[in-house]
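Trainee: Supplied structure: data-v6.cif, mmCIF, C-alpha atoms and all ligand atoms.
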```cif
data_work
#
loop_
_atom_site.group_PDB
_atom_site.id
_atom_site.type_symbol
_atom_site.label_atom_id
_atom_site.label_comp_id
_atom_site.auth_asym_id
_atom_site.auth_seq_id
_atom_site.Cartn_x
_atom_site.Cartn_y
_atom_site.Cartn_z
ATOM 1 C CA LYS A 1 31.637 -72.650 -6.585
ATOM 2 C CA TRP A 2 28.059 -72.556 -5.297
ATOM 3 C CA LYS A 3 27.069 -72.160 -1.655
ATOM 4 C CA GLY A 4 24.581 -75.044 -1.605
ATOM 5 C CA GLU A 5 25.144 -78.739 -1.041
ATOM 6 C CA GLY A 6 26.136 -80.676 -4.158
ATOM 7 C CA THR A 7 24.381 -83.544 -5.898
ATOM 8 C CA THR A 8 23.737 -86.473 -3.538
ATOM 9 C CA PRO A 9 26.272 -89.228 -4.383
ATOM 10 C CA ASN A 10 24.709 -92.268 -6.114
ATOM 11 C CA LEU A 11 21.635 -90.191 -6.991
ATOM 12 C CA ASP A 12 20.594 -92.418 -9.922
ATOM 13 C CA SER A 13 20.772 -95.629 -7.887
ATOM 14 C CA ILE A 14 18.894 -94.081 -4.951
ATOM 15 C CA ILE A 15 16.125 -92.861 -7.254
ATOM 16 C CA ILE A 16 15.798 -96.142 -9.159
ATOM 17 C CA GLY A 17 15.646 -98.043 -5.851
ATOM 18 C CA ARG A 18 13.073 -95.669 -4.362
ATOM 19 C CA CYS A 19 10.980 -95.733 -7.515
ATOM 20 C CA TYR A 20 10.699 -99.540 -7.685
ATOM 21 C CA GLU A 21 10.207 -99.780 -3.930
ATOM 22 C CA TYR A 22 7.380 -97.256 -4.240
ATOM 23 C CA ILE A 23 5.527 -98.901 -7.103
ATOM 24 C CA ARG A 24 6.079 -102.505 -5.961
ATOM 25 C CA ILE A 25 5.860 -102.275 -2.171
ATOM 26 C CA VAL A 26 4.790 -98.905 -0.749
ATOM 27 C CA ASN A 27 1.935 -98.083 -3.107
ATOM 28 C CA PRO A 28 1.289 -100.708 -5.819
ATOM 29 C CA ALA A 29 -2.029 -98.926 -6.525
ATOM 30 C CA VAL A 30 -0.089 -96.499 -8.761
ATOM 31 C CA GLY A 31 0.163 -99.270 -11.347
ATOM 32 C CA GLU A 32 2.956 -100.039 -13.788
ATOM 33 C CA LYS A 33 5.656 -97.402 -14.310
ATOM 34 C CA ASN A 34 8.985 -97.587 -16.117
ATOM 35 C CA CYS A 35 11.372 -96.255 -13.477
ATOM 36 C CA SER A 36 14.328 -95.911 -15.900
ATOM 37 C CA GLU A 37 12.150 -93.815 -18.190
ATOM 38 C CA LEU A 38 11.034 -91.670 -15.231
ATOM 39 C CA LEU A 39 14.660 -91.135 -14.163
ATOM 40 C CA GLU A 40 15.585 -90.066 -17.700
ATOM 41 C CA ALA A 41 12.694 -87.578 -17.799
ATOM 42 C CA PHE A 42 13.697 -86.251 -14.363
ATOM 43 C CA LYS A 43 17.344 -85.762 -15.396
ATOM 44 C CA LYS A 44 16.430 -84.182 -18.713
ATOM 45 C CA ALA A 45 15.017 -81.216 -16.758
ATOM 46 C CA PHE A 46 18.431 -80.134 -15.407
ATOM 47 C CA MET A 47 21.354 -82.070 -16.921
ATOM 48 C CA ASN A 48 23.746 -80.236 -19.234
ATOM 49 C CA LYS A 49 22.077 -76.920 -18.404
ATOM 50 C CA ASP A 50 22.901 -73.694 -16.561
ATOM 51 C CA PRO A 51 21.925 -74.624 -12.940
ATOM 52 C CA CYS A 52 20.346 -71.158 -12.475
ATOM 53 C CA ASN A 53 18.061 -71.481 -15.448
ATOM 54 C CA ILE A 54 15.867 -74.460 -14.612
ATOM 55 C CA LEU A 55 12.141 -73.752 -14.651
ATOM 56 C CA PRO A 56 9.286 -75.752 -13.082
ATOM 57 C CA SER A 57 8.018 -76.407 -16.613
ATOM 58 C CA ASP A 58 11.263 -78.269 -17.409
ATOM 59 C CA TYR A 59 9.923 -81.090 -15.212
ATOM 60 C CA GLU A 60 6.587 -81.306 -17.040
ATOM 61 C CA LEU A 61 7.315 -84.577 -18.862
ATOM 62 C CA PHE A 62 8.579 -86.162 -15.631
ATOM 63 C CA ILE A 63 5.461 -85.009 -13.738
ATOM 64 C CA ASN A 64 3.122 -86.313 -16.432
ATOM 65 C CA LEU A 65 4.808 -89.729 -16.509
ATOM 66 C CA SER A 66 4.995 -90.220 -12.734
ATOM 67 C CA GLN A 67 1.601 -88.786 -11.837
ATOM 68 C CA HIS A 68 -0.860 -90.904 -9.833
ATOM 69 C CA SER A 69 -4.014 -90.113 -7.912
ATOM 70 C CA ILE A 70 -3.989 -89.008 -4.262
ATOM 71 C CA PRO A 71 -6.853 -90.750 -2.396
ATOM 72 C CA PRO A 72 -9.484 -88.342 -1.005
ATOM 73 C CA ASN A 73 -8.863 -87.248 2.628
ATOM 74 C CA LYS A 74 -5.206 -88.405 2.482
ATOM 75 C CA SER A 75 -3.492 -85.132 1.574
ATOM 76 C CA LEU A 76 -1.294 -83.677 4.284
ATOM 77 C CA PHE A 77 0.262 -80.250 3.800
ATOM 78 C CA TRP A 78 2.827 -78.895 6.256
ATOM 79 C CA GLU A 79 5.475 -76.329 7.107
ATOM 80 C CA ASN A 80 8.436 -76.649 9.487
ATOM 81 C CA ASN A 81 7.985 -80.192 10.726
ATOM 82 C CA GLN A 82 9.120 -82.546 7.984
ATOM 83 C CA PHE A 83 10.159 -85.456 10.216
ATOM 84 C CA LEU A 84 7.023 -85.386 12.369
ATOM 85 C CA VAL A 85 4.928 -85.359 9.182
ATOM 86 C CA SER A 86 6.765 -88.238 7.581
ATOM 87 C CA SER A 87 6.600 -90.418 10.708
ATOM 88 C CA TYR A 88 2.917 -89.640 11.259
ATOM 89 C CA ALA A 89 2.065 -90.285 7.616
ATOM 90 C CA ALA A 90 3.774 -93.715 7.878
ATOM 91 C CA ARG A 91 4.657 -94.051 4.196
ATOM 92 C CA THR A 92 1.081 -93.590 2.931
ATOM 93 C CA ARG A 93 -0.522 -95.862 5.555
ATOM 94 C CA ARG A 94 -2.071 -92.964 7.478
ATOM 95 C CA TYR A 95 -1.659 -89.990 5.120
ATOM 96 C CA MET A 96 -0.002 -89.229 1.800
ATOM 97 C CA PRO A 97 2.018 -85.990 2.025
ATOM 98 C CA LEU A 98 3.876 -84.962 -1.136
ATOM 99 C CA GLY A 99 7.044 -86.717 0.116
ATOM 100 C CA ASP A 100 5.067 -90.006 0.154
ATOM 101 C CA THR A 101 3.988 -89.778 -3.488
ATOM 102 C CA LEU A 102 6.020 -91.222 -6.362
ATOM 103 C CA ILE A 103 6.961 -87.698 -7.480
ATOM 104 C CA GLY A 104 8.043 -86.758 -3.952
ATOM 105 C CA ALA A 105 10.121 -89.939 -3.665
ATOM 106 C CA PHE A 106 12.363 -88.611 -6.460
ATOM 107 C CA GLY A 107 13.318 -85.543 -4.409
ATOM 108 C CA ASP A 108 12.790 -86.167 -0.703
ATOM 109 C CA LEU A 109 16.005 -85.392 1.240
ATOM 110 C CA LEU A 110 18.061 -85.427 -1.954
ATOM 111 C CA ASN A 111 19.965 -82.688 -3.717
ATOM 112 C CA TRP A 112 20.863 -82.339 -7.375
ATOM 113 C CA CYS A 113 22.006 -79.984 -10.135
ATOM 114 C CA GLY A 114 23.762 -80.169 -13.500
ATOM 115 C CA GLN A 115 26.246 -77.890 -15.245
ATOM 116 C CA ALA A 116 26.162 -75.900 -18.480
ATOM 117 C CA ASN A 117 27.984 -77.656 -21.348
ATOM 118 C CA ASN A 118 28.905 -80.590 -19.149
ATOM 119 C CA THR A 119 27.172 -83.943 -18.849
ATOM 120 C CA GLU A 120 28.182 -84.467 -15.179
ATOM 121 C CA VAL A 121 26.183 -83.533 -12.085
ATOM 122 C CA ASP A 122 27.811 -80.853 -9.869
ATOM 123 C CA ASP A 123 29.279 -81.258 -6.372
ATOM 124 C CA SER A 124 28.001 -77.835 -5.304
ATOM 125 C CA CYS A 125 24.592 -76.421 -6.221
ATOM 126 C CA PRO A 126 23.051 -72.937 -6.111
ATOM 127 C CA THR A 127 20.881 -72.087 -3.121
ATOM 128 C CA THR A 128 17.546 -70.323 -3.678
ATOM 129 C CA GLU A 129 19.204 -67.110 -2.397
ATOM 130 C CA GLU A 130 21.822 -67.444 -5.163
ATOM 131 C CA CYS A 131 19.197 -68.085 -7.815
ATOM 132 C CA GLU A 132 15.531 -68.962 -7.579
ATOM 133 C CA ASN A 133 15.392 -70.940 -10.824
ATOM 134 C CA ASN A 134 17.521 -73.805 -9.535
ATOM 135 C CA ALA A 135 16.897 -77.509 -10.134
ATOM 136 C CA VAL A 136 15.648 -78.401 -6.634
ATOM 137 C CA GLU A 137 13.452 -75.326 -6.049
ATOM 138 C CA SER A 138 11.784 -75.627 -9.459
ATOM 139 C CA PHE A 139 11.177 -79.340 -8.883
ATOM 140 C CA TRP A 140 9.340 -78.731 -5.576
ATOM 141 C CA ARG A 141 7.390 -75.847 -7.087
ATOM 142 C CA ILE A 142 5.857 -77.913 -9.876
ATOM 143 C CA ALA A 143 5.490 -80.931 -7.570
ATOM 144 C CA SER A 144 3.582 -78.765 -5.024
ATOM 145 C CA ILE A 145 1.322 -77.269 -7.686
ATOM 146 C CA ASN A 146 0.523 -80.712 -9.052
ATOM 147 C CA TYR A 147 -0.061 -82.187 -5.559
ATOM 148 C CA ALA A 148 -2.453 -79.369 -4.574
ATOM 149 C CA LYS A 149 -4.430 -79.832 -7.800
ATOM 150 C CA GLN A 150 -4.795 -83.587 -7.118
ATOM 151 C CA SER A 151 -5.918 -83.172 -3.471
ATOM 152 C CA SER A 152 -9.574 -83.703 -2.509
ATOM 153 C CA GLY A 153 -11.965 -84.349 0.379
ATOM 154 C CA ILE A 154 -10.769 -83.273 3.825
ATOM 155 C CA ILE A 155 -7.420 -81.522 3.536
ATOM 156 C CA HIS A 156 -5.045 -81.640 6.516
ATOM 157 C CA VAL A 157 -2.333 -79.100 7.301
ATOM 158 C CA MET A 158 0.280 -79.653 10.023
ATOM 159 C CA LEU A 159 2.010 -76.502 11.301
ATOM 160 C CA ASN A 160 4.618 -75.948 13.989
ATOM 161 C CA GLY A 161 3.405 -73.617 16.753
ATOM 162 C CA SER A 162 6.978 -73.236 18.060
ATOM 163 C CA ALA A 163 8.517 -72.115 14.767
ATOM 164 C CA THR A 164 10.250 -68.769 14.933
ATOM 165 C CA GLY A 165 8.868 -66.593 12.190
ATOM 166 C CA GLY A 166 5.383 -68.070 12.586
ATOM 167 C CA ALA A 167 3.638 -71.419 12.139
ATOM 168 C CA TYR A 168 2.329 -70.288 8.744
ATOM 169 C CA PRO A 169 5.093 -68.671 6.672
ATOM 170 C CA LEU A 170 3.551 -66.063 4.383
ATOM 171 C CA LYS A 171 6.156 -66.956 1.800
ATOM 172 C CA GLY A 172 6.559 -70.692 1.474
ATOM 173 C CA PHE A 173 5.458 -73.615 -0.676
ATOM 174 C CA PHE A 174 2.123 -73.897 1.115
ATOM 175 C CA ALA A 175 1.234 -70.195 0.750
ATOM 176 C CA ASP A 176 2.693 -69.609 -2.702
ATOM 177 C CA PHE A 177 2.115 -72.826 -4.642
ATOM 178 C CA GLU A 178 -0.354 -75.034 -2.781
ATOM 179 C CA ILE A 179 -3.212 -72.847 -1.466
ATOM 180 C CA PRO A 180 -3.678 -71.106 -4.845
ATOM 181 C CA ASN A 181 -3.896 -74.487 -6.618
ATOM 182 C CA LEU A 182 -6.409 -76.288 -4.381
ATOM 183 C CA GLN A 183 -9.529 -77.274 -6.329
ATOM 184 C CA LYS A 184 -12.256 -75.738 -4.208
ATOM 185 C CA GLU A 185 -15.177 -77.718 -5.609
ATOM 186 C CA ARG A 186 -13.465 -81.033 -4.689
ATOM 187 C CA ILE A 187 -12.601 -80.009 -1.110
ATOM 188 C CA SER A 188 -15.100 -80.508 1.740
ATOM 189 C CA GLN A 189 -13.045 -79.121 4.631
ATOM 190 C CA ILE A 190 -9.595 -77.943 5.665
ATOM 191 C CA GLU A 191 -8.371 -79.115 9.064
ATOM 192 C CA ILE A 192 -5.344 -77.330 10.537
ATOM 193 C CA TRP A 193 -3.244 -78.907 13.304
ATOM 194 C CA VAL A 194 -0.873 -76.622 15.206
ATOM 195 C CA MET A 195 1.711 -78.753 17.017
ATOM 196 C CA ASP A 196 4.075 -77.172 19.561
ATOM 197 C CA ASP A 197 7.477 -78.776 20.138
ATOM 198 C CA ILE A 198 7.529 -80.650 23.460
ATOM 199 C CA GLY A 199 9.026 -78.185 25.947
ATOM 200 C CA GLY A 200 9.214 -75.606 23.146
ATOM 201 C CA PRO A 201 7.587 -72.179 23.151
ATOM 202 C CA ASP A 202 3.884 -71.789 22.293
ATOM 203 C CA LEU A 203 4.361 -68.980 19.787
ATOM 204 C CA ASP A 204 1.381 -69.519 17.494
ATOM 205 C CA SER A 205 -1.953 -71.287 17.978
ATOM 206 C CA CYS A 206 -5.409 -71.527 16.426
ATOM 207 C CA GLY A 207 -6.998 -68.074 16.228
ATOM 208 C CA LYS A 208 -3.685 -66.317 16.958
ATOM 209 C CA GLY A 209 -0.794 -64.830 15.016
ATOM 210 C CA SER A 210 0.034 -66.318 11.641
ATOM 211 C CA VAL A 211 -2.437 -69.205 12.123
ATOM 212 C CA GLN A 212 -5.243 -66.656 12.373
ATOM 213 C CA THR A 213 -3.965 -65.091 9.146
ATOM 214 C CA LEU A 214 -4.204 -68.491 7.468
ATOM 215 C CA GLU A 215 -7.676 -69.197 8.870
ATOM 216 C CA THR A 216 -8.961 -65.817 7.675
ATOM 217 C CA GLN A 217 -7.386 -66.226 4.253
ATOM 218 C CA LEU A 218 -8.945 -69.678 3.737
ATOM 219 C CA LYS A 219 -12.361 -68.565 5.055
ATOM 220 C CA GLU A 220 -12.345 -65.644 2.656
ATOM 221 C CA MET A 221 -11.686 -68.102 -0.146
ATOM 222 C CA GLY A 222 -14.884 -69.900 0.943
ATOM 223 C CA TYR A 223 -13.395 -72.963 2.677
ATOM 224 C CA ASP A 224 -14.891 -74.665 5.719
ATOM 225 C CA ILE A 225 -12.070 -74.551 8.316
ATOM 226 C CA THR A 226 -11.352 -76.288 11.606
ATOM 227 C CA CYS A 227 -8.227 -75.722 13.654
ATOM 228 C CA ILE A 228 -6.935 -77.958 16.479
ATOM 229 C CA ASP A 229 -4.087 -77.079 18.858
ATOM 230 C CA ASN A 230 -1.785 -79.985 19.715
ATOM 231 C CA TYR A 231 -3.975 -82.615 18.021
ATOM 232 C CA LYS A 232 -3.854 -85.579 20.377
ATOM 233 C CA SER A 233 -3.019 -88.316 17.907
ATOM 234 C CA VAL A 234 0.105 -86.461 16.691
ATOM 235 C CA LEU A 235 0.905 -85.401 20.258
ATOM 236 C CA PHE A 236 1.186 -89.096 21.240
ATOM 237 C CA LEU A 237 3.833 -89.500 18.566
ATOM 238 C CA LEU A 238 5.794 -86.454 19.791
ATOM 239 C CA CYS A 239 5.485 -87.796 23.335
ATOM 240 C CA LEU A 240 7.151 -91.123 22.444
ATOM 241 C CA ASP A 241 10.452 -89.323 23.006
ATOM 242 C CA HIS A 242 9.290 -87.406 26.127
ATOM 243 C CA PRO A 243 6.899 -89.768 27.959
ATOM 244 C CA ASP A 244 7.187 -88.015 31.326
ATOM 245 C CA HIS A 245 6.988 -84.436 30.124
ATOM 246 C CA PRO A 246 4.106 -82.493 31.772
ATOM 247 C CA SER A 247 2.647 -81.563 28.367
ATOM 248 C CA CYS A 248 2.309 -85.246 27.421
ATOM 249 C CA PRO A 249 -1.046 -86.937 28.037
ATOM 250 C CA VAL A 250 -1.269 -89.433 30.871
ATOM 251 C CA VAL A 251 -2.939 -92.667 29.840
ATOM 252 C CA SER A 252 -4.634 -93.691 33.073
ATOM 253 C CA SER A 253 -4.766 -97.488 32.639
ATOM 254 C CA ALA A 254 -1.138 -97.563 31.483
ATOM 255 C CA LEU A 255 -0.203 -95.583 34.562
ATOM 256 C CA SER A 256 -1.997 -97.954 36.883
ATOM 257 C CA ALA A 257 -0.439 -100.950 35.109
ATOM 258 C CA GLN A 258 2.980 -99.405 35.698
ATOM 259 C CA ARG A 259 2.161 -98.984 39.366
ATOM 260 C CA GLY A 260 1.127 -102.596 39.500
ATOM 261 C CA CYS A 261 -2.554 -101.866 40.247
ATOM 262 C CA VAL A 262 -3.954 -103.751 37.258
ATOM 263 C CA PHE A 263 -2.385 -107.037 38.304
ATOM 264 C CA SER A 264 -3.025 -106.777 42.054
ATOM 265 C CA ASP A 265 -5.859 -108.851 43.575
HETATM 266 P P1 LIG B 1 11.534 -77.707 4.972
HETATM 267 O O1 LIG B 1 12.488 -76.618 4.584
HETATM 268 O O2 LIG B 1 11.072 -77.769 6.382
HETATM 269 O O3 LIG B 1 12.120 -79.123 4.623
HETATM 270 C C1 LIG B 1 12.659 -79.321 3.382
HETATM 271 C C2 LIG B 1 13.064 -80.787 3.319
HETATM 272 O O4 LIG B 1 11.900 -81.565 3.032
HETATM 273 C C3 LIG B 1 14.024 -81.066 2.238
HETATM 274 O O5 LIG B 1 14.875 -82.112 2.666
HETATM 275 C C4 LIG B 1 13.166 -81.523 1.080
HETATM 276 O O6 LIG B 1 13.864 -82.328 0.209
HETATM 277 C C5 LIG B 1 12.039 -82.250 1.798
HETATM 278 N N1 LIG B 1 10.727 -82.116 1.215
HETATM 279 C C6 LIG B 1 9.764 -83.075 1.252
HETATM 280 N N2 LIG B 1 8.645 -82.611 0.665
HETATM 281 C C7 LIG B 1 8.911 -81.336 0.266
HETATM 282 C C8 LIG B 1 8.184 -80.363 -0.379
HETATM 283 N N3 LIG B 1 6.950 -80.377 -0.828
HETATM 284 N N4 LIG B 1 8.761 -79.160 -0.643
HETATM 285 C C9 LIG B 1 10.042 -78.890 -0.290
HETATM 286 N N5 LIG B 1 10.780 -79.807 0.340
HETATM 287 C C10 LIG B 1 10.227 -81.010 0.620
HETATM 288 O O7 LIG B 1 10.265 -77.657 4.008
HETATM 289 P P2 LIG B 1 9.621 -76.449 3.189
HETATM 290 O O8 LIG B 1 10.599 -75.954 2.221
HETATM 291 O O9 LIG B 1 9.009 -75.511 4.177
HETATM 292 O O10 LIG B 1 8.442 -77.187 2.374
HETATM 293 C C11 LIG B 1 7.323 -77.633 3.008
HETATM 294 C C12 LIG B 1 6.290 -77.847 1.940
HETATM 295 O O11 LIG B 1 6.137 -79.140 1.497
HETATM 296 C C13 LIG B 1 4.921 -77.514 2.448
HETATM 297 O O12 LIG B 1 4.374 -76.613 1.544
HETATM 298 C C14 LIG B 1 4.159 -78.773 2.373
HETATM 299 O O13 LIG B 1 2.778 -78.552 2.262
HETATM 300 C C15 LIG B 1 4.776 -79.319 1.180
HETATM 301 P P3 LIG B 1 15.086 -81.720 -0.686
HETATM 302 O O14 LIG B 1 14.900 -82.267 -2.036
HETATM 303 O O15 LIG B 1 14.970 -80.213 -0.694
HETATM 304 O O16 LIG B 1 16.326 -82.228 -0.024
HETATM 305 C C16 LIG B 1 6.719 -79.167 -1.399
HETATM 306 C C17 LIG B 1 7.831 -78.402 -1.276
HETATM 307 O O17 LIG B 1 4.332 -80.623 0.926
#
```
Spell out the structure here as structure tokens.
Ligand code: ENP
Mentor:
Amino acid sequence: KWKGEGTTPNLDSIIIGRCYEYIRIVNPAVGEKNCSELLEAFKKAFMNKDPCNILPSDYELFINLSQHSIPPNKSLFWENNQFLVSSYAARTRRYMPLGDTLIGAFGDLLNWCGQANNTEVDDSCPTTEECENNAVESFWRIASINYAKQSSGIIHVMLNGSATGGAYPLKGFFADFEIPNLQKERISQIEIWVMDDIGGPDLDSCGKGSVQTLETQLKEMGYDITCIDNYKSVLFLLCLDHPDHPSCPVVSSALSAQRGCVFSD
């Protein structure tokens, strides 16, 4: 029927498991939450409804119930590098991108939609090209707005300098729903990291192309901006899979240890 992927099988069980894992193990600082109640509020937004008529506001109750604070300096916004972001963030230990919040845990990598006059989920769902007001798109829109409003301190943004179409998409969640909802008075600085794929093209960098557009836009809004190309700490993570690539840093003592120098008399 629809062109998009259908509802993820076992959606309810996955969400209940993720929710309790989040509040008990990943981030107990969120305090007590009733995960069954949160799942009901989440499903109420889209079940038994026309899958092309779901608005961000339909998730309001769910957002209010599952809301928790984002520690200052822990927000991490991104475009085009989901898996690098989630491994670097390390499930809230280093950073807390939206996918590592309780709200994000309800949607990350999942797919869902309901049907009009039918209490079942559907096994195909509308894409955003088919209709913008679909269950998944509207969920991420309100989740992004809420996340941006909760973010404070130093804000980090990880972009992909090898992405075709530009590191900073002019139409995307970051541009459309996050930047406009940042609370300027609570933000001390915005730090942009532009990471190129290892061996990939260097299409965009700080001060160039779409990254320059972003820097100018944020400066005009009155933010204090820094931009770093291939930020070393994230580069180490990318280099785990390409240790000998010329663009990967050489750690001199490790190199000498490998050559046997460290242990020689
Ligand atoms: P994509 O298209 O690279 O990746 C989308 C994938 O990331 C989907 O599997 C989606 O789950 C999951 N995801 C995790 N967090 C978000 C999210 N936050 N979001 C949309 N999808 C998310 O990512 P996008 O579309 O460019 O979105 C990146 C945005 O996330 C940035 O604005 C960043 O700052 C923000 P699912 O449910 O679709 O399977 C907001 C929108 O945090």
Trainee: Env of Pro126 (chain A): 7 Å cut, atoms = only C-alpha atoms, seq-sep filter 5 positions within chain, self excluded. Answer as an NGL selection string.
Mentor: :A and (2-4 or 131 or 134)
Trainee: Identify all residues satisfying the PyMOL selection byres (((not hetatm)) within 6 of (chain B and resi 1)) in the given file; provide them as a PyMOL selection string.
Mentor: chain A and resi 77-82+97-99+107-111+140+144+173-174
Trainee: Using only C-alpha atoms, determine which residues lie at most 12 Å from Leu84 (chain A), disregarding the query and same-chain residues fewer than 3 positions distant; provide the list as a list in words.
Mentor: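 Everything that qualifies: Leu76, Trp78, Glu79, Asn80, Asn81, Ser87, Tyr88, Ala89, Ala90, Pro97, Met158, Leu159, Asn160, Met195, Asp196, Asp197, Ser233, Val234, Leu235, Phe236, Leu237, Leu238, Cys239, Leu240 and Asp241 of chain A.
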Trainee: Would you give the centre and edge lengths, in Å to one decimal, of a box along x, y and z around the listed atoms of region 32-41 of chain A, with 6 Å added to each side, as AutoDock Vina command-line options?
Mentor:
```
--center_x 9.3 --center_y -93.8 --center_z -15.8 --size_x 24.6 --size_y 24.5 --size_z 16.7
```
Trainee: For a quick check of understanding, using only C-alpha atoms, which of A:Ile198, A:Leu203, A:Val30, A:Ala105 has the smallest distance to Thr164 (chain A)?
Mentor: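 So, comparing all the options, the nearest one is A:Leu203.
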Trainee: Calculate how many Å separate CA of Pro72 (chain A) from CA of Cys227 (chain A), rounding to one decimal.
Mentor: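 Taking CA of Pro72 (chain A) as the start and CA of Cys227 (chain A) as the end point, the length is 19.4 Å.
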Trainee: Return the single residue from A:Gln217, A:Lys44, A:Asp202, A:Ser86 that is closest to Ser247 (chain A), with distances computed using only C-alpha atoms.
Mentor: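 The closest residue to Ser247 (chain A) is A:Asp202.
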Trainee: Rank A:Lys49, A:Ile154, A:His68, A:Ile103 by their smallest atom-to-atom distance to Gly31 (chain A), using only C-alpha atoms, and report the top residue only.
Mentor: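 Ranked by minimum distance to Gly31 (chain A), first place goes to A:His68.
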Trainee: Measuring between only C-alpha atoms, which one of A:Ala116, A:Leu182, A:Val85, A:Leu61 shows the shortest distance to Asn48 (chain A)?
Mentor: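 Selected residue with least distance to Asn48 (chain A): A:Ala116.
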Trainee: Would you mind reading off the distance between CA of Thr101 (chain A) and CA of Asp122 (chain A), one decimal, in Å?
Mentor: 26.2 Å
Trainee: For Gly166 (chain A), which of A:Val250, A:Val211, A:Ile63, A:Ala148 is the closest residue, counting only C-alpha atoms?
Mentor: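 Closest residue, counting only C-alpha atoms: A:Val211.
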